[in-house]
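Here is the structure we will look at, set down as C-alpha cells.
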Amino acid sequence: MKLRVLGSGSEGNATLIHSETTAVLIDAGFACRELENRLKLAGFMPGEIKAIAITHEHTDHLRGAALFSRRYDIPLYLTHGTRLAGNGQLEKAGRIETVIPEEPFTVGDITLHPFPVPHDAAEPVAYLSECGGRRALVMTDLGCVTVRAMENFRLAHLALVESNHDPELLAIGPYPWPLKQRIKGKLGHLSNDDCMRLLSDAAGEGLGTVIFAHLSRQNNNPNLVRLGADSFIAAAGQRITYEIARQDQPGALHDV
Ligand SMILES: [Zn+2]
Ligand SMILES: [Zn+2]
C-alpha cells in the first residue's frame, strides 16, 4: 500500500491511498478542478478512484467531494452525522455510503477502519487503512488524543497526524479570542506539543513514517515542527522518516 498527501491545511485536505488494484481518497477538500490537477500530478486519473472517505463536514475536507463524486460516479463514504451537517450539499453526490464508527468497510483490497475523534463537527471520524497486513493512519482535526486514537496510532506503520499549531504562536497571533479558545479546546486541533507527546507515548515498533499534517499557516512554522520531530527521532533511536505535509502541493509517495 502507498500513500501520498495531495495537500493539507485549513484551505483543503486530501490524501491518496492506493494498492496495486485499488485507490481511495481520504477527504476531498479541494475544488473539483484542483483535485483533478493534484491527482494528475500524482499520476492518477479521477476515474481510477474507487471511493472517497470523508472525515467530517468542514469545508476544508469536503469542498469538491459531491461534484467529484457525481462527475466520476465515485461513492462518498461518510457518517450519518456528517451527511446531515452537510446541509443538503452532499446530496448532489453520485452515491453515498454510510460510515458507522468502529465498523470497518472494504473497498477493493483496502479495509478502512473508521473511529470517532473529538472535534467540533457533527460526527467526525479518522481512518486506519489496512492492506496486506500494512496499516496507515490518517488522523487530523481532533482537539485531544483519546485512548482510541492512541490505540490506532500504535498499530500504524505510517501515521499522518495533525500538528496544527504552536501554542505560543497561537497565543500571540492575530486570531480573535473565541477562535483561539476553539482551536486549543478539546474539540479543536492538536498542537505541535500534543502531536509530539503522542509520538513519544504511543509510537509502535512498526512505525516507519510520520507525516505531520494540517499545519496552521498563521499559528505554526514548519521549522518548529522539524525541531520537535528531529529531537523525537534522536531520542527514540528508531528508524523513522518523516514529512511535513504542505498546503500548496502534493507530498512524497510513501510505502506504507
Ligand atoms: Zn480541517
Ligand atoms: Zn475540522
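Identifiers in this document derive from the order of the C-alpha cells: chains are assigned A, B, ..., residues are numbered from 1 separately in each chain, and ligands are numbered from 1 in order of occurrence.
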Within-12 Å residues of ligand 2, basis only C-alpha atoms and all ligand atoms, as a tab-separated table (two decimals) with N, CA and C atoms, in the first residue's frame:
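What landed in out-v8.tsv:
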```
chain	number	residue	atom	x	y	z
A	8	SER	N	-2.59	19.58	2.45
A	8	SER	CA	-3.10	19.55	3.81
A	8	SER	C	-3.01	20.92	4.47
A	9	GLY	N	-4.06	21.32	5.15
A	9	GLY	CA	-4.11	22.60	5.84
A	9	GLY	C	-5.54	23.11	5.86
A	10	SER	N	-5.74	24.28	6.43
A	10	SER	CA	-7.11	24.76	6.62
A	10	SER	C	-7.76	25.20	5.30
A	11	GLU	N	-6.98	25.21	4.21
A	11	GLU	CA	-7.59	25.56	2.92
A	11	GLU	C	-7.92	24.35	2.07
A	12	GLY	N	-7.64	23.16	2.56
A	12	GLY	CA	-8.01	21.97	1.81
A	12	GLY	C	-7.18	20.77	2.21
A	13	ASN	N	-7.87	19.62	2.30
A	13	ASN	CA	-7.19	18.38	2.67
A	13	ASN	C	-7.64	17.25	1.76
A	27	ASP	N	-10.85	12.29	2.29
A	27	ASP	CA	-11.25	13.69	2.17
A	27	ASP	C	-11.02	14.24	0.75
A	29	GLY	N	-11.09	17.98	0.02
A	29	GLY	CA	-11.27	19.36	0.46
A	29	GLY	C	-10.78	20.43	-0.51
A	54	ILE	N	-14.85	10.45	3.76
A	54	ILE	CA	-14.84	11.80	4.34
A	54	ILE	C	-14.71	11.69	5.86
A	55	THR	N	-13.95	12.61	6.44
A	55	THR	CA	-13.77	12.58	7.90
A	55	THR	C	-14.85	13.39	8.62
A	56	HIS	N	-15.19	14.57	8.09
A	56	HIS	CA	-16.23	15.41	8.70
A	56	HIS	C	-16.61	16.52	7.73
A	57	GLU	N	-17.62	17.32	8.12
A	57	GLU	CA	-18.26	18.22	7.16
A	57	GLU	C	-17.58	19.57	6.97
A	58	HIS	N	-16.49	19.85	7.66
A	58	HIS	CA	-15.85	21.15	7.47
A	58	HIS	C	-15.36	21.28	6.02
A	59	THR	N	-15.53	22.48	5.48
A	59	THR	CA	-15.29	22.71	4.05
A	59	THR	C	-13.91	22.27	3.60
A	60	ASP	N	-12.91	22.43	4.45
A	60	ASP	CA	-11.55	22.06	4.04
A	60	ASP	C	-11.39	20.55	3.88
A	61	HIS	N	-12.47	19.78	4.13
A	61	HIS	CA	-12.42	18.33	3.96
A	61	HIS	C	-13.39	17.81	2.90
A	62	LEU	N	-14.36	18.65	2.52
A	62	LEU	CA	-15.31	18.14	1.51
A	62	LEU	C	-15.66	19.10	0.40
A	82	THR	N	-22.31	13.49	9.56
A	82	THR	CA	-21.66	14.34	8.55
A	82	THR	C	-22.63	14.65	7.42
A	117	VAL	N	-13.33	10.78	16.55
A	117	VAL	CA	-12.33	11.69	17.12
A	117	VAL	C	-13.06	12.91	17.70
A	118	PRO	N	-12.49	13.51	18.75
A	118	PRO	CA	-13.13	14.68	19.36
A	118	PRO	C	-12.84	15.96	18.57
A	119	HIS	N	-13.87	16.50	17.92
A	119	HIS	CA	-13.71	17.70	17.09
A	119	HIS	C	-15.06	18.39	17.02
A	120	ASP	N	-15.08	19.69	16.77
A	120	ASP	CA	-16.35	20.41	16.78
A	120	ASP	C	-17.11	20.25	15.46
A	121	ALA	N	-17.44	19.02	15.14
A	121	ALA	CA	-18.22	18.67	13.95
A	121	ALA	C	-19.28	17.66	14.41
A	122	ALA	N	-20.22	17.33	13.50
A	122	ALA	CA	-21.36	16.51	13.90
A	122	ALA	C	-20.97	15.09	14.33
A	123	GLU	N	-20.25	14.39	13.47
A	123	GLU	CA	-19.88	13.01	13.79
A	123	GLU	C	-18.55	12.68	13.12
A	124	PRO	N	-17.48	13.35	13.57
A	124	PRO	CA	-16.19	13.23	12.88
A	124	PRO	C	-15.51	11.89	13.15
A	125	VAL	N	-14.78	11.40	12.15
A	125	VAL	CA	-14.01	10.18	12.31
A	125	VAL	C	-12.60	10.36	11.72
A	126	ALA	N	-11.71	9.47	12.12
A	126	ALA	CA	-10.41	9.32	11.45
A	126	ALA	C	-10.39	7.90	10.90
A	139	MET	N	-5.17	10.95	10.56
A	139	MET	CA	-5.86	11.47	11.74
A	139	MET	C	-5.55	12.95	11.94
A	140	THR	N	-6.46	13.80	11.45
A	140	THR	CA	-6.33	15.24	11.70
A	140	THR	C	-7.64	15.74	12.29
A	141	ASP	N	-7.67	17.00	12.67
A	141	ASP	CA	-8.89	17.61	13.20
A	141	ASP	C	-9.40	16.88	14.44
A	142	LEU	N	-8.59	16.93	15.49
A	142	LEU	CA	-9.03	16.41	16.79
A	142	LEU	C	-8.44	17.32	17.87
A	143	GLY	N	-9.26	17.57	18.89
A	143	GLY	CA	-8.84	18.52	19.91
A	143	GLY	C	-7.95	17.91	20.96
A	162	GLU	N	-2.15	15.20	12.88
A	162	GLU	CA	-2.23	16.66	12.93
A	162	GLU	C	-1.18	17.26	13.86
A	164	ASN	N	-1.10	20.99	14.39
A	164	ASN	CA	-1.76	22.20	13.87
A	164	ASN	C	-1.10	23.51	14.25
A	182	ARG	N	-11.31	28.05	20.63
A	182	ARG	CA	-11.84	26.93	19.85
A	182	ARG	C	-10.70	26.03	19.39
A	183	ILE	N	-9.66	26.64	18.84
A	183	ILE	CA	-8.56	25.85	18.28
A	183	ILE	C	-7.86	25.03	19.36
A	187	LEU	N	-12.17	20.15	21.53
A	187	LEU	CA	-12.82	19.80	20.26
A	187	LEU	C	-12.20	20.58	19.11
A	188	GLY	N	-10.98	21.04	19.30
A	188	GLY	CA	-10.33	21.85	18.28
A	188	GLY	C	-9.29	21.07	17.51
A	189	HIS	N	-8.04	21.51	17.64
A	189	HIS	CA	-6.95	20.92	16.84
A	189	HIS	C	-5.76	20.58	17.73
A	190	LEU	N	-5.02	19.54	17.35
A	190	LEU	CA	-3.82	19.15	18.11
A	190	LEU	C	-2.68	20.15	17.89
A	214	HIS	N	-1.89	19.23	8.49
A	214	HIS	CA	-2.85	20.27	8.89
A	214	HIS	C	-2.17	21.38	9.69
```
Write out as an mmCIF file with N, CA and C atoms, in the first residue's frame each polymer residue whose atoms come within 10 Å of A:Leu155, counting only C-alpha atoms; drop sequence neighbours fewer than 3 positions from it.
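Final output, saved to around_11.cif:
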```
data_model
loop_
_atom_site.group_PDB
_atom_site.id
_atom_site.type_symbol
_atom_site.label_atom_id
_atom_site.label_comp_id
_atom_site.auth_asym_id
_atom_site.auth_seq_id
_atom_site.Cartn_x
_atom_site.Cartn_y
_atom_site.Cartn_z
ATOM 1 N N LEU A 128 -8.115 4.342 9.916
ATOM 2 C CA LEU A 128 -6.945 3.476 9.839
ATOM 3 C C LEU A 128 -7.183 2.566 8.625
ATOM 4 N N ARG A 134 -0.427 -4.264 6.241
ATOM 5 C CA ARG A 134 0.209 -2.958 6.480
ATOM 6 C C ARG A 134 -0.887 -1.932 6.798
ATOM 7 N N ARG A 135 -0.565 -1.010 7.699
ATOM 8 C CA ARG A 135 -1.605 -0.086 8.171
ATOM 9 C C ARG A 135 -1.151 1.374 8.119
ATOM 10 N N ALA A 136 -2.053 2.219 7.614
ATOM 11 C CA ALA A 136 -1.788 3.663 7.541
ATOM 12 C C ALA A 136 -2.896 4.415 8.270
ATOM 13 N N LEU A 137 -2.487 5.315 9.140
ATOM 14 C CA LEU A 137 -3.451 6.122 9.892
ATOM 15 C C LEU A 137 -3.516 7.524 9.292
ATOM 16 N N MET A 150 -4.962 6.706 20.403
ATOM 17 C CA MET A 150 -3.641 6.183 20.761
ATOM 18 C C MET A 150 -3.501 4.717 20.338
ATOM 19 N N GLU A 151 -4.563 3.943 20.541
ATOM 20 C CA GLU A 151 -4.532 2.524 20.142
ATOM 21 C C GLU A 151 -4.299 2.376 18.646
ATOM 22 N N ASN A 152 -5.004 3.176 17.870
ATOM 23 C CA ASN A 152 -4.855 3.068 16.416
ATOM 24 C C ASN A 152 -3.514 3.616 15.947
ATOM 25 N N LEU A 158 2.490 3.657 9.001
ATOM 26 C CA LEU A 158 2.621 5.060 8.596
ATOM 27 C C LEU A 158 1.521 5.830 9.315
ATOM 28 N N ALA A 159 1.885 6.962 9.907
ATOM 29 C CA ALA A 159 0.877 7.763 10.608
ATOM 30 C C ALA A 159 0.920 9.194 10.122
ATOM 31 N N ALA A 202 3.224 6.760 22.295
ATOM 32 C CA ALA A 202 2.483 5.647 21.681
ATOM 33 C C ALA A 202 3.028 5.138 20.358
ATOM 34 N N ALA A 203 4.207 5.583 19.931
ATOM 35 C CA ALA A 203 4.726 5.074 18.660
ATOM 36 C C ALA A 203 4.931 3.563 18.757
ATOM 37 N N GLY A 204 4.344 2.815 17.817
ATOM 38 C CA GLY A 204 4.507 1.368 17.824
ATOM 39 C C GLY A 204 5.843 0.977 17.218
ATOM 40 N N GLU A 205 6.233 -0.266 17.439
ATOM 41 C CA GLU A 205 7.525 -0.724 16.909
ATOM 42 C C GLU A 205 7.543 -0.741 15.387
ATOM 43 N N GLY A 206 6.361 -0.895 14.793
ATOM 44 C CA GLY A 206 6.296 -0.965 13.335
ATOM 45 C C GLY A 206 6.264 0.394 12.659
ATOM 46 N N LEU A 207 6.209 1.454 13.439
ATOM 47 C CA LEU A 207 6.074 2.785 12.844
ATOM 48 C C LEU A 207 7.337 3.167 12.074
#
```
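Within 7 Å of stretch 97-102 of chain A, once only C-alpha atoms are used and residues closer than 6 positions along the same chain are dropped, the contacting residues are Pro75, Leu76, Tyr77, Leu78, Thr79, His80, His113, Pro114, Phe115, Pro116 and Val125 of chain A.
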Neighbours of A:Ile244 within 10 Å (only C-alpha atoms; same-chain residues fewer than 6 positions away dropped), as an mmCIF file with C-alpha atoms, in the first residue's frame?
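Generated file (selection18.cif):
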```
data_model
loop_
_atom_site.group_PDB
_atom_site.id
_atom_site.type_symbol
_atom_site.label_atom_id
_atom_site.label_comp_id
_atom_site.auth_asym_id
_atom_site.auth_seq_id
_atom_site.Cartn_x
_atom_site.Cartn_y
_atom_site.Cartn_z
ATOM 1 C CA VAL A 5 -0.801 13.656 0.635
ATOM 2 C CA SER A 8 -3.102 19.552 3.811
ATOM 3 C CA LEU A 160 -0.383 11.045 9.240
ATOM 4 C CA SER A 163 0.385 19.106 14.186
ATOM 5 C CA VAL A 210 5.239 10.012 10.204
ATOM 6 C CA ILE A 211 3.534 12.780 8.240
ATOM 7 C CA PHE A 212 2.893 15.968 10.185
ATOM 8 C CA ALA A 213 -0.263 17.480 8.730
ATOM 9 C CA HIS A 214 -2.854 20.266 8.886
ATOM 10 C CA LEU A 215 -0.243 22.866 9.942
ATOM 11 C CA PRO A 222 7.349 24.104 9.735
ATOM 12 C CA ASN A 223 10.770 24.701 11.326
ATOM 13 C CA VAL A 225 7.710 21.001 13.752
ATOM 14 C CA ARG A 226 11.026 19.898 12.255
ATOM 15 C CA ALA A 229 10.484 15.750 15.030
ATOM 16 C CA GLY A 251 3.857 15.476 -0.967
ATOM 17 C CA ALA A 252 6.148 12.495 -1.473
#
```
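Candidate residues A:Cys131, A:Ile233, A:Leu41, A:Ala85 were compared for distance to A:Ser19, and the nearest is A:Cys131, using only C-alpha atoms.
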_alpha helix (DSSP H) call set, DSSP backbone run, stretch 160-191 of chain A, as a PyMOL selection string_ = chain A and resi 167-172+177-184
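The shortest atom-to-atom distance to A:Ala156, with only C-alpha atoms taken into account, belongs to A:Thr209 out of A:Thr241, A:Gln89, A:Thr21, A:Thr209.
Distances from A:Gly237, A:Gly43, A:Gly7, A:Gly133 to ligand 1 were compared using only C-alpha atoms and all ligand atoms, and the smallest one belongs to A:Gly7.
Of the listed residues A:Leu112, A:Ala14, A:Cys32, A:Cys195, the one whose atoms come nearest to A:Phe232 is A:Cys195, with distances taken using only C-alpha atoms.
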*Identify, with DSSP run on backbone atoms, the residues in stretch 185-243 of chain A assigned to strand (DSSP E or B), and express the list as JSON, numbers by chain.*
{"A": [191, 209, 210, 211, 212, 213, 241, 242, 243]}
_Atomic separation - atom 1 (Zn, counted along the ligand's line) of ligand 1 relative to atom CA of A:Asn220, Å_ = 14.7 Å
